[in-house]
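File shown here: data25.cif, holding mmCIF, C-alpha atoms and all ligand atoms.
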data_structure
loop_
_atom_site.label_atom_id
_atom_site.label_comp_id
_atom_site.auth_asym_id
_atom_site.auth_seq_id
_atom_site.Cartn_x
_atom_site.Cartn_y
_atom_site.Cartn_z
CA MET A 1 13.96 17.62 -8.13
CA GLU A 2 10.92 16.41 -6.27
CA ARG A 3 10.20 15.43 -2.66
CA THR A 4 7.98 12.68 -1.32
CA LEU A 5 6.73 11.69 2.13
CA VAL A 6 7.27 8.12 3.25
CA ILE A 7 5.87 6.61 6.45
CA ALA A 8 6.88 3.21 7.79
CA LYS A 9 3.47 2.29 9.22
CA PRO A 10 2.85 0.54 12.60
CA ASP A 11 3.02 -2.97 11.09
CA ALA A 12 6.46 -2.18 9.63
CA VAL A 13 7.66 -0.99 13.04
CA GLN A 14 6.22 -4.04 14.81
CA ARG A 15 7.69 -6.46 12.28
CA ASN A 16 11.17 -4.89 12.35
CA LEU A 17 10.93 -3.97 8.68
CA VAL A 18 11.97 -0.33 9.11
CA GLY A 19 15.60 -1.09 8.24
CA GLU A 20 14.57 -3.10 5.18
CA ILE A 21 12.32 -0.26 4.00
CA ILE A 22 15.01 2.38 4.45
CA LYS A 23 17.55 0.11 2.74
CA ARG A 24 15.37 -0.29 -0.33
CA LEU A 25 14.63 3.42 -0.55
CA GLU A 26 18.12 4.78 0.04
CA ARG A 27 19.78 2.48 -2.51
CA SER A 28 17.36 3.85 -5.15
CA GLY A 29 19.56 6.93 -5.44
CA LEU A 30 17.05 9.21 -3.73
CA LYS A 31 18.37 11.43 -0.95
CA LEU A 32 17.02 11.17 2.60
CA VAL A 33 16.38 14.74 3.80
CA ALA A 34 14.29 14.16 6.95
CA MET A 35 13.43 11.34 9.32
CA LYS A 36 11.82 10.94 12.76
CA MET A 37 9.73 8.65 14.93
CA VAL A 38 6.26 10.00 15.63
CA ARG A 39 3.33 8.79 17.70
CA ALA A 40 0.63 10.24 15.47
CA GLU A 41 -2.70 11.47 16.75
CA ALA A 42 -5.99 10.69 14.99
CA LYS A 43 -6.32 14.37 14.01
CA LEU A 44 -3.02 14.27 12.08
CA ILE A 45 -4.08 11.08 10.28
CA GLU A 46 -7.39 12.67 9.33
CA LYS A 47 -5.67 15.80 7.99
CA HIS A 48 -3.14 13.67 6.13
CA TYR A 49 -5.74 11.59 4.29
CA THR A 50 -8.18 14.44 3.57
CA ILE A 51 -5.67 16.74 1.84
CA ASP A 52 -7.24 15.72 -1.47
CA PRO A 53 -11.05 16.05 -1.22
CA LYS A 54 -11.39 13.40 -3.94
CA TRP A 55 -9.51 10.84 -1.81
CA PHE A 56 -12.74 9.37 -0.31
CA GLU A 57 -14.17 8.66 -3.74
CA ASN A 58 -10.86 7.38 -5.17
CA VAL A 59 -10.15 5.01 -2.30
CA GLY A 60 -13.73 3.68 -2.46
CA ASN A 61 -13.61 3.17 -6.23
CA LYS A 62 -10.27 1.37 -5.97
CA ALA A 63 -11.72 -1.08 -3.43
CA ILE A 64 -14.88 -1.66 -5.52
CA GLU A 65 -12.79 -2.34 -8.63
CA SER A 66 -10.57 -4.79 -6.77
CA TYR A 67 -13.61 -6.75 -5.54
CA LYS A 68 -15.15 -6.82 -9.03
CA LYS A 69 -11.88 -7.97 -10.60
CA LYS A 70 -11.90 -10.97 -8.27
CA GLY A 71 -15.56 -11.68 -9.11
CA LEU A 72 -16.65 -10.68 -5.58
CA THR A 73 -19.29 -8.25 -4.33
CA PRO A 74 -17.91 -5.09 -2.67
CA PRO A 75 -19.03 -4.48 0.96
CA ASN A 76 -20.57 -1.15 -0.12
CA SER A 77 -21.42 0.17 -3.58
CA ASP A 78 -21.11 3.85 -2.62
CA PRO A 79 -17.43 4.81 -3.02
CA VAL A 80 -17.62 7.91 -0.80
CA ALA A 81 -19.26 5.98 2.07
CA LEU A 82 -16.61 3.28 1.68
CA GLY A 83 -13.85 5.91 1.72
CA LYS A 84 -15.24 7.43 4.93
CA GLU A 85 -15.19 4.03 6.61
CA VAL A 86 -11.59 3.53 5.46
CA LEU A 87 -10.58 6.83 7.09
CA GLU A 88 -11.99 5.71 10.46
CA ARG A 89 -10.06 2.42 10.17
CA LEU A 90 -6.90 4.27 9.18
CA LYS A 91 -7.10 6.45 12.29
CA LYS A 92 -6.98 3.31 14.46
CA TYR A 93 -4.25 1.64 12.41
CA MET A 94 -1.91 4.60 12.09
CA THR A 95 -2.10 5.54 15.77
CA ALA A 96 -1.59 1.97 17.07
CA CYS A 97 2.12 2.52 17.68
CA PRO A 98 4.83 5.02 16.69
CA VAL A 99 5.66 5.32 12.99
CA ILE A 100 8.77 6.47 11.14
CA ALA A 101 8.23 9.50 8.91
CA MET A 102 10.76 10.27 6.18
CA VAL A 103 11.23 12.64 3.28
CA PHE A 104 13.14 11.53 0.18
CA GLU A 105 14.25 13.88 -2.57
CA GLY A 106 15.40 13.36 -6.15
CA ASN A 107 14.39 12.99 -9.76
CA SER A 108 10.76 11.78 -9.97
CA ALA A 109 10.88 10.89 -6.27
CA VAL A 110 7.10 10.37 -6.04
CA ALA A 111 6.84 7.86 -8.89
CA LEU A 112 10.08 6.11 -7.97
CA VAL A 113 9.02 5.54 -4.36
CA ARG A 114 5.54 4.35 -5.44
CA LYS A 115 7.24 1.84 -7.75
CA ILE A 116 9.41 0.53 -4.90
CA CYS A 117 6.34 0.36 -2.58
CA GLY A 118 3.98 -1.45 -4.93
CA GLY A 119 0.19 -1.18 -5.15
CA THR A 120 -2.19 -0.53 -2.27
CA GLU A 121 -3.23 -4.18 -1.79
CA PRO A 122 -0.15 -6.27 -0.89
CA LEU A 123 -1.62 -9.53 -2.22
CA SER A 124 -1.86 -8.13 -5.75
CA ALA A 125 1.21 -5.85 -5.50
CA ALA A 126 4.14 -6.95 -7.68
CA ALA A 127 6.81 -9.23 -6.23
CA GLY A 128 9.97 -7.27 -5.57
CA THR A 129 8.04 -4.35 -4.09
CA ILE A 130 7.87 -3.65 -0.34
CA ARG A 131 4.12 -4.29 -0.15
CA GLY A 132 4.35 -7.30 -2.49
CA ASP A 133 7.21 -9.00 -0.67
CA PHE A 134 6.40 -8.85 3.02
CA THR A 135 2.71 -9.52 3.68
CA PRO A 136 -0.19 -11.56 2.24
CA GLU A 137 -2.67 -8.79 3.19
CA SER A 138 -5.77 -8.33 0.98
CA TYR A 139 -8.91 -6.19 0.78
CA GLN A 140 -10.93 -9.21 1.90
CA LEU A 141 -8.73 -9.90 4.93
CA ALA A 142 -8.92 -6.26 5.99
CA ASP A 143 -12.69 -6.04 5.46
CA GLY A 144 -13.30 -9.31 7.29
CA GLY A 145 -11.62 -7.81 10.32
CA GLU A 146 -13.24 -4.38 9.77
CA ARG A 147 -9.79 -2.83 9.76
CA ALA A 148 -7.46 -0.89 7.48
CA ILE A 149 -5.28 -2.66 4.94
CA ARG A 150 -1.97 -3.24 6.69
CA ASN A 151 0.44 -2.51 3.87
CA LEU A 152 3.57 -1.45 5.78
CA ILE A 153 4.27 1.86 4.09
CA HIS A 154 2.78 5.16 2.99
CA ALA A 155 4.10 7.01 -0.04
CA SER A 156 2.73 10.28 -1.43
CA GLY A 157 0.61 9.94 -4.56
CA SER A 158 1.65 13.14 -6.36
CA SER A 159 4.07 16.01 -6.04
CA GLU A 160 1.36 18.43 -4.82
CA GLU A 161 0.10 15.87 -2.29
CA ALA A 162 3.69 15.31 -1.12
CA GLU A 163 4.36 19.01 -0.44
CA LYS A 164 1.13 19.32 1.57
CA GLU A 165 1.84 16.12 3.53
CA ILE A 166 5.44 17.13 4.33
CA VAL A 167 4.22 20.36 5.96
CA LEU A 168 1.87 18.31 8.18
CA TRP A 169 4.58 15.96 9.43
CA PHE A 170 7.72 18.11 9.52
CA GLU A 171 8.78 21.57 10.63
CA LYS A 172 10.88 23.50 8.14
CA LYS A 173 14.00 23.18 10.30
CA GLU A 174 13.71 19.38 10.27
CA LEU A 175 14.13 19.29 6.49
CA MET A 176 17.87 19.09 5.86
CA GLU A 177 19.74 20.87 3.12
CA TYR A 178 23.07 19.20 2.42
CA LYS A 179 25.21 17.97 -0.40
CA LEU A 180 25.70 14.29 -1.16
CA ILE A 181 28.95 13.59 -3.05
CA ARG A 182 27.14 10.56 -4.52
CA ASP A 183 24.75 12.88 -6.37
CA SER A 184 27.57 13.88 -8.76
CA ILE A 185 27.52 10.32 -10.07
CA ILE A 186 23.76 10.36 -10.45
CA TYR A 187 23.14 13.84 -11.82
CA ASP A 188 26.28 15.70 -13.01
CA VAL A 189 26.77 16.10 -16.74
CA ASP A 190 30.56 15.56 -16.65
CA TRP A 191 32.69 13.58 -14.25
CA LYS A 192 36.02 11.82 -14.43
CA PHE A 193 38.07 9.87 -11.88
P1 LIG B 201 -2.04 4.22 -1.11
O1 LIG B 201 -1.48 4.14 0.29
O2 LIG B 201 -1.57 3.07 -1.96
O3 LIG B 201 -1.82 5.56 -1.75
P2 LIG B 201 -4.82 5.02 -0.69
O4 LIG B 201 -4.36 6.43 -0.64
O5 LIG B 201 -5.90 4.69 -1.66
O6 LIG B 201 -3.61 3.99 -0.98
O7 LIG B 201 -5.32 4.55 0.75
C1 LIG B 201 -4.59 4.91 1.89
C2 LIG B 201 -4.44 3.72 2.81
O8 LIG B 201 -5.73 3.33 3.29
C3 LIG B 201 -3.87 2.46 2.18
O9 LIG B 201 -2.47 2.48 2.12
C4 LIG B 201 -4.40 1.38 3.11
O10 LIG B 201 -3.64 1.27 4.30
C5 LIG B 201 -5.77 1.94 3.49
N1 LIG B 201 -6.88 1.44 2.63
C6 LIG B 201 -7.12 1.78 1.35
N2 LIG B 201 -8.23 1.19 0.88
C7 LIG B 201 -8.73 0.46 1.90
C8 LIG B 201 -9.89 -0.39 2.06
N3 LIG B 201 -10.76 -0.57 1.09
N4 LIG B 201 -10.08 -0.98 3.25
C9 LIG B 201 -9.22 -0.79 4.26
N5 LIG B 201 -8.11 -0.01 4.19
C10 LIG B 201 -7.87 0.61 3.02
MG MG B 202 -2.64 7.47 -1.28
#

Represent the structure of the file as structure tokens.
Amino acid sequence: MERTLVIAKPDAVQRNLVGEIIKRLERSGLKLVAMKMVRAEAKLIEKHYTIDPKWFENVGNKAIESYKKKGLTPPNSDPVALGKEVLERLKKYMTACPVIAMVFEGNSAVALVRKICGGTEPLSAAAGTIRGDFTPESYQLADGGERAIRNLIHASGSSEEAEKEIVLWFEKKELMEYKLIRDSIIYDVDWKF
């Protein structure tokens, strides 16, 4: 069993897509174990995105690759500098209005939620995913406006990242332990009705 942190970002809240996001995640078979509305402060967003010290470089490289794939020139060729700029933009974006933070638990929860979310850039994210279905957002659109990519949802990138993120957003007592009868159908070896 694995846990993952999900955040319905400010654009999801403003566009009334919170219900749609929860619907897609809860029907996956994962179990919702925590949920709350939070008005995040910039400090929390900074801590959240700097859990992995390699994040700056990774986020920068991902943007550079996306530009190159489209035959375009990236706005900056230094991935770390690009990543640092992204963090500043994320602080503005993620504190623009309250967000909904959630924790889902289940088999391969991290990978399953990432699959349902789709890739970072909505324009190139697969159809049928949350990011792919609900916004035409692209790297170019975000850069043109000097703002973060508005991609509706955050989902942890790995199990270790998830555990560190969950501690930032939730107190221990907010993480529920309970049994779902439904889980017998999903996980039990033997069942008969
Ligand atoms: P993901 O959310 O898919 O795990 P990252 O961890 O790489 O993506 O980036 C975190 C968030 O930062 C993204 O979801 C997006 O909102 C924003 N972001 C990423 N890259 C850029 C970029 N080049 N320009 C603006 N915003 C970005
Ligand atoms: Mg990430």

Please produce, as JSON lines, a per-residue contact table for chain A versus ligand MG 202 (chain B) (criterion: any atom at most 9 Å away, all atoms listed in the file considered), showing the nearest atom pair and its distance in Å to one decimal, sorted by chain then residue number.
{"residue": "A:Tyr49", "atom": "CA", "partner": "B:MG202", "partner_atom": "MG", "distance": 7.6}
{"residue": "A:Trp55", "atom": "CA", "partner": "B:MG202", "partner_atom": "MG", "distance": 7.7}
{"residue": "A:Val59", "atom": "CA", "partner": "B:MG202", "partner_atom": "MG", "distance": 8.0}
{"residue": "A:Thr120", "atom": "CA", "partner": "B:MG202", "partner_atom": "MG", "distance": 8.1}
{"residue": "A:His154", "atom": "CA", "partner": "B:MG202", "partner_atom": "MG", "distance": 7.3}
{"residue": "A:Ala155", "atom": "CA", "partner": "B:MG202", "partner_atom": "MG", "distance": 6.9}
{"residue": "A:Ser156", "atom": "CA", "partner": "B:MG202", "partner_atom": "MG", "distance": 6.1}
{"residue": "A:Gly157", "atom": "CA", "partner": "B:MG202", "partner_atom": "MG", "distance": 5.2}
{"residue": "A:Ser158", "atom": "CA", "partner": "B:MG202", "partner_atom": "MG", "distance": 8.7}
{"residue": "A:Glu161", "atom": "CA", "partner": "B:MG202", "partner_atom": "MG", "distance": 8.9}

Excluding same-chain residues fewer than 5 positions from stretch 125-132 of chain A, what lies within 12 Å of it counting all atoms listed in the file, as a PDB file with C-alpha atoms, in the frame of the given file?
ATOM      1  CA  ALA A   8       6.880   3.210   7.790  1.00  0.00           C
ATOM      2  CA  LYS A   9       3.470   2.290   9.220  1.00  0.00           C
ATOM      3  CA  ASP A  11       3.020  -2.970  11.090  1.00  0.00           C
ATOM      4  CA  ALA A  12       6.460  -2.180   9.630  1.00  0.00           C
ATOM      5  CA  LEU A  17      10.930  -3.970   8.680  1.00  0.00           C
ATOM      6  CA  VAL A  18      11.970  -0.330   9.110  1.00  0.00           C
ATOM      7  CA  GLY A  19      15.600  -1.090   8.240  1.00  0.00           C
ATOM      8  CA  GLU A  20      14.570  -3.100   5.180  1.00  0.00           C
ATOM      9  CA  ILE A  21      12.320  -0.260   4.000  1.00  0.00           C
ATOM     10  CA  ILE A  22      15.010   2.380   4.450  1.00  0.00           C
ATOM     11  CA  LYS A  23      17.550   0.110   2.740  1.00  0.00           C
ATOM     12  CA  ARG A  24      15.370  -0.290  -0.330  1.00  0.00           C
ATOM     13  CA  LEU A  25      14.630   3.420  -0.550  1.00  0.00           C
ATOM     14  CA  SER A  66     -10.570  -4.790  -6.770  1.00  0.00           C
ATOM     15  CA  LEU A 112      10.080   6.110  -7.970  1.00  0.00           C
ATOM     16  CA  VAL A 113       9.020   5.540  -4.360  1.00  0.00           C
ATOM     17  CA  ARG A 114       5.540   4.350  -5.440  1.00  0.00           C
ATOM     18  CA  LYS A 115       7.240   1.840  -7.750  1.00  0.00           C
ATOM     19  CA  ILE A 116       9.410   0.530  -4.900  1.00  0.00           C
ATOM     20  CA  CYS A 117       6.340   0.360  -2.580  1.00  0.00           C
ATOM     21  CA  GLY A 118       3.980  -1.450  -4.930  1.00  0.00           C
ATOM     22  CA  GLY A 119       0.190  -1.180  -5.150  1.00  0.00           C
ATOM     23  CA  THR A 120      -2.190  -0.530  -2.270  1.00  0.00           C
ATOM     24  CA  GLU A 137      -2.670  -8.790   3.190  1.00  0.00           C
ATOM     25  CA  SER A 138      -5.770  -8.330   0.980  1.00  0.00           C
ATOM     26  CA  TYR A 139      -8.910  -6.190   0.780  1.00  0.00           C
ATOM     27  CA  ILE A 149      -5.280  -2.660   4.940  1.00  0.00           C
ATOM     28  CA  ARG A 150      -1.970  -3.240   6.690  1.00  0.00           C
ATOM     29  CA  ASN A 151       0.440  -2.510   3.870  1.00  0.00           C
ATOM     30  CA  LEU A 152       3.570  -1.450   5.780  1.00  0.00           C
ATOM     31  CA  ILE A 153       4.270   1.860   4.090  1.00  0.00           C
ATOM     32  CA  HIS A 154       2.780   5.160   2.990  1.00  0.00           C
ATOM     33  CA  ALA A 155       4.100   7.010  -0.040  1.00  0.00           C
TER      34      ALA A 155
END

Choose the residue, out of A:Gly106, A:Gly71, A:Pro10, A:Pro98, that has the smallest atom-to-atom separation from ligand LIG 201 (chain B); count all atoms listed in the file.
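Going through A:Gly106, A:Gly71, A:Pro10, A:Pro98 one by one, the smallest distance to ligand LIG 201 (chain B) is for A:Pro10.
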
Of the candidates A:Leu5, A:Ile186, A:Ile166, A:Ala148, which shows the shortest atom-to-atom distance to ligand LIG 201 (chain B), using all atoms listed in the file?
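Checking each of A:Leu5, A:Ile186, A:Ile166, A:Ala148 against ligand LIG 201 (chain B), counting all atoms listed in the file, the winner is A:Ala148.
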
For atom CA of A:Ile64 and atom CA of A:Tyr93, quote the distance in Å rounded to one decimal.
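About the pair atom CA of A:Ile64 and atom CA of A:Tyr93: they are 21.1 Å apart.
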
For A:Val13, which residue out of A:Ala63, A:Leu141, A:Ala101, A:Leu175 is the nearest one, using all atoms listed in the file?
A:Ala101

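Restricting the calculation to only C-alpha atoms, the smallest distance between A:Lys43 and any of A:Val110, A:Leu90, A:Ile7, A:Ala162 is found for A:Leu90.
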
Centre, edges in Å (one decimal): axis-aligned box, ligand LIG 201 (chain B), 8 Å padding on all six sides, as AutoDock Vina command-line options:
--center_x -6.1 --center_y 2.7 --center_z 1.2 --size_x 25.3 --size_y 23.4 --size_z 22.3

Excluding A:Tyr178 and any residue of its chain fewer than 3 positions from it, enumerate the residues within 10 Å of it, using only C-alpha atoms, and give them as a short mmCIF file (atom, residue, chain, number, x, y, z; two decimals) with C-alpha atoms, keeping the file's coordinate frame.
data_model
loop_
_atom_site.label_atom_id
_atom_site.label_comp_id
_atom_site.auth_asym_id
_atom_site.auth_seq_id
_atom_site.Cartn_x
_atom_site.Cartn_y
_atom_site.Cartn_z
CA LYS A 31 18.37 11.43 -0.95
CA VAL A 33 16.38 14.74 3.80
CA LEU A 175 14.13 19.29 6.49
CA ILE A 181 28.95 13.59 -3.05
#

How many Å lie between atom O8 of ligand LIG 201 (chain B) and atom CA of A:Leu87, rounded to one decimal?
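Going from atom O8 of ligand LIG 201 (chain B) over to atom CA of A:Leu87 covers 7.1 Å.
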
Between atom CA of A:Ala34 and atom C3 of ligand LIG 201 (chain B), distance in Å (one decimal):
22.1 Å

Residues within 10 Å of A:Lys92, all atoms listed in the file, excluding chain neighbours under 2 positions, as a PyMOL selection string
chain A and resi 41-42+45+87-90+94-97+147-148

Given only C-alpha atoms as the counted atoms, nearest of A:Ile185, A:Ala142, A:Ala111, A:Leu168 to A:Thr4:
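Of A:Ile185, A:Ala142, A:Ala111, A:Leu168, the one nearest A:Thr4, counting only C-alpha atoms, is A:Ala111.
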
Quick one: residues within 10 Å of A:Lys36, all atoms listed in the file, excluding same-chain residues fewer than 4 positions away - as an NGL selection string?
:A and (7 or 98-103 or 169-170 or 174)

From A:Lys91, A:Arg27, A:Arg39, A:Arg15, residue lying nearest ligand LIG 201 (chain B) [all atoms listed in the file]:
A:Lys91

Could you pull the residues within 10 Å of A:Pro74, counting only C-alpha atoms, minus those fewer than 4 positions along the same chain, as a ChimeraX atom specification?
/A:60-61,63-68,78-79,82,139-140,143
